[in-house]
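Visitor: Please read through the structure below; I'll follow up with questions.
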Amino acid sequence: MSVRYSLLGLLAQQPRYGYELRAAFLALAGGEETWEVKPAQIYTTLNRMVESGLIEKNSVEEEGADDKVIYTLTQSGRDELQNWLSQGTLDDPQQDAFFLKLMLSLELPEINPTRLIQTQRSTLYQELHRITTLRDRLHPQTELARILLMDKAIMHLEADLRWLDMLESRLEEVQNQPHPRPELRPRGRPAKTS
Amino acid sequence: MSIIEVKDLTKVYGEKSATVTALKSVNLSVEKGQFVAVMGPSGCGKSTLLHLIGGLDRPTSGSVFIDGKDISTLKDDDLTELRRRKMGFVFQFFNLLPVLSAVENAALPMILDGVKPEAARAQAAKWLELNQMGDRLTHRPDQLSGGEQQRVAIARALVSEPIMLLADEPTGNLDSRSSDEIASILRRVVTKWGRTVLMVTHDPRIAAYADRIVFLKDGQVVDDTLLEGGNSDNSRMVKEKVEQL
């Protein structure tokens, strides 16, 4: 969804050619490593927005070359963009794969939950190292926005590590509590009562 | 070749009924040119391990080899000399002498070793300059910020051209910006100036500057992770060893 609104934002700056928009989006988002988006996705999104009347599509004649398609923002698109910008944003809640692993480890004797937590901790530290290294290479005078984005990733990892410490210290309590069991509903037709 | 080799190291404090086992048969190997962070919850033995490796304390049993030499066989004087020549120490609270200037503080280990003051000060100035403290040589600690004091401490630790630096919570007393700068310097000590660094820290952000993290818990090593190229043979071998524990 953010891609869609970002395209509206980029068109609010100026009308643009289709092929420019992907590059402009990636520059805005902080590069391909930060946000993967295929050209097909951009064009599909653009076409949907044309259908919804948020943007307009026009052909521009060029001498000796194929007509290029240029996109412009409509008033409707402008309103939609304003609406998005004026609201707060919550990140999509991620389905926590590690949490599932942990719950499974409580049920399966062959998996040691403490080992699981330590493996996760090591993985988080490797990722923290990778991002810290990337951050170190950026120039504070010209790439501050990207540095701040890296700082956000670093803070999230620090929080995840703190959570693991907390989890580890209370693991025994969790193990001793009743494990989640699905509610089983009776199947088949209810017995006749006559 | 391992520059630090720890074999079956045990340290027990106290006597009779009131003993605390700070370290329990710890084995550790650090290669030349590695930047190793040691982490773990409060009381896990990480500072004890650092002190034993630095010869600042003697183990209850087990041995510490520095550059191939068993330091438990050394007499106090020889141990002190080894420490002064081969090791540099960086502490949480900087431990600078308040009456001395930056260059005098940094030159102190060499002066204590019998080097002429002018030569020692020149060497100290060189290391201070490398740590971006060249314009503060005559400042005293009370005229320096926390980060600057720690830079002086690092210069002091490097002045005798040691083979290794031992750091105990080097950023524990610094704000996050200074912490990042000091961690960057410690990384440079390894990548640019070719030393080995062993650092105890509880700060994940700072530990991430290292190449490798050793995790301690209740006096024992519970994991050992390479931060780069995590699937190398060395890391797998270490993992297998740890699983056997």
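Residue numbers start at 1 in each chain; chains themselves are named A, B, ... in the order of the structure tokens; ligands are numbered from 1 in the order shown.
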Using only C-alpha atoms, determine which residues of chain B fall within 8 Å of chain A; present them as an mmCIF file with C-alpha atoms, in the first residue's frame.
Guide:
```cif
data_model
loop_
_atom_site.group_PDB
_atom_site.id
_atom_site.type_symbol
_atom_site.label_atom_id
_atom_site.label_comp_id
_atom_site.auth_asym_id
_atom_site.auth_seq_id
_atom_site.Cartn_x
_atom_site.Cartn_y
_atom_site.Cartn_z
ATOM 1 C CA PRO B 204 24.568 -5.158 22.245
ATOM 2 C CA ARG B 205 25.152 -2.188 19.986
ATOM 3 C CA ALA B 208 28.135 -5.669 17.266
ATOM 4 C CA TYR B 209 31.396 -3.896 16.351
ATOM 5 C CA ALA B 210 33.313 -7.082 17.209
ATOM 6 C CA ASP B 223 27.828 -19.945 23.031
ATOM 7 C CA THR B 225 29.359 -16.776 17.564
ATOM 8 C CA LEU B 226 31.232 -15.355 14.628
ATOM 9 C CA LEU B 227 29.498 -12.172 13.497
ATOM 10 C CA GLU B 228 30.768 -12.323 9.945
ATOM 11 C CA GLY B 230 28.776 -17.185 10.464
#
```
Visitor: I'd like the contact shell of Tyr19 (chain A) - 12 Å cut-off, only C-alpha atoms, skipping same-chain residues fewer than 3 positions apart - returned as a PyMOL selection string.
Guide: chain A and resi 16+22-25+38-40+42-43+46+68-71
Visitor: Please produce, as CSV, a per-residue contact table for region 6-88 of chain B versus region 196-199 of chain B (criterion: any atom at most 7 Å away, only C-alpha atoms considered), showing the nearest atom pair and its distance in Å to one decimal, sorted by chain then residue number.
Guide:
```
residue,atom,partner,partner_atom,distance
B:Lys32,CA,B:Thr196,CA,5.6
B:Gly33,CA,B:Thr196,CA,4.5
B:Gln34,CA,B:Thr196,CA,5.2
B:Phe35,CA,B:Val197,CA,4.8
B:Val36,CA,B:Leu198,CA,4.9
B:Ala37,CA,B:Met199,CA,4.8
B:Val38,CA,B:Met199,CA,6.0
```
Visitor: Would you export the selected residues with C-alpha atoms as a tab-separated table (two decimals), in the first residue's frame, please?
Guide:
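result_25.tsv was written with the following content:
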```tsv
chain	number	residue	atom	x	y	z
B	32	LYS	CA	45.76	-12.82	16.61
B	33	GLY	CA	43.90	-9.92	15.05
B	34	GLN	CA	40.46	-10.85	16.35
B	35	PHE	CA	38.04	-8.46	18.00
B	36	VAL	CA	36.20	-10.53	20.59
B	37	ALA	CA	33.33	-9.34	22.78
B	38	VAL	CA	32.49	-11.22	25.97
```
Visitor: Which residues come within 8 Å of Ile117 (chain A), counting only C-alpha atoms, excluding same-chain residues fewer than 3 positions away, as a list in words?
Guide: Leu102, Pro113, Thr114, Gln120, Arg121, Leu164 and Glu168 of chain A
Visitor: For the selection you just gave me, I'd like the residues written to a file as an mmCIF file, in the first residue's frame, keeping C-alpha atoms.
Guide:
```cif
data_model
loop_
_atom_site.group_PDB
_atom_site.id
_atom_site.type_symbol
_atom_site.label_atom_id
_atom_site.label_comp_id
_atom_site.auth_asym_id
_atom_site.auth_seq_id
_atom_site.Cartn_x
_atom_site.Cartn_y
_atom_site.Cartn_z
ATOM 1 C CA LEU A 102 9.508 -21.401 20.893
ATOM 2 C CA PRO A 113 14.216 -24.090 24.286
ATOM 3 C CA THR A 114 17.329 -22.563 25.848
ATOM 4 C CA GLN A 120 18.131 -16.680 17.936
ATOM 5 C CA ARG A 121 20.324 -14.367 19.999
ATOM 6 C CA LEU A 164 15.057 -12.623 24.501
ATOM 7 C CA GLU A 168 15.106 -16.612 29.022
#
```
Visitor: Which of these residues is nearest to Leu49 (chain B), using only C-alpha atoms: B:Lys7, B:Lys69, B:Arg151, B:Arg85?
Guide: B:Lys7
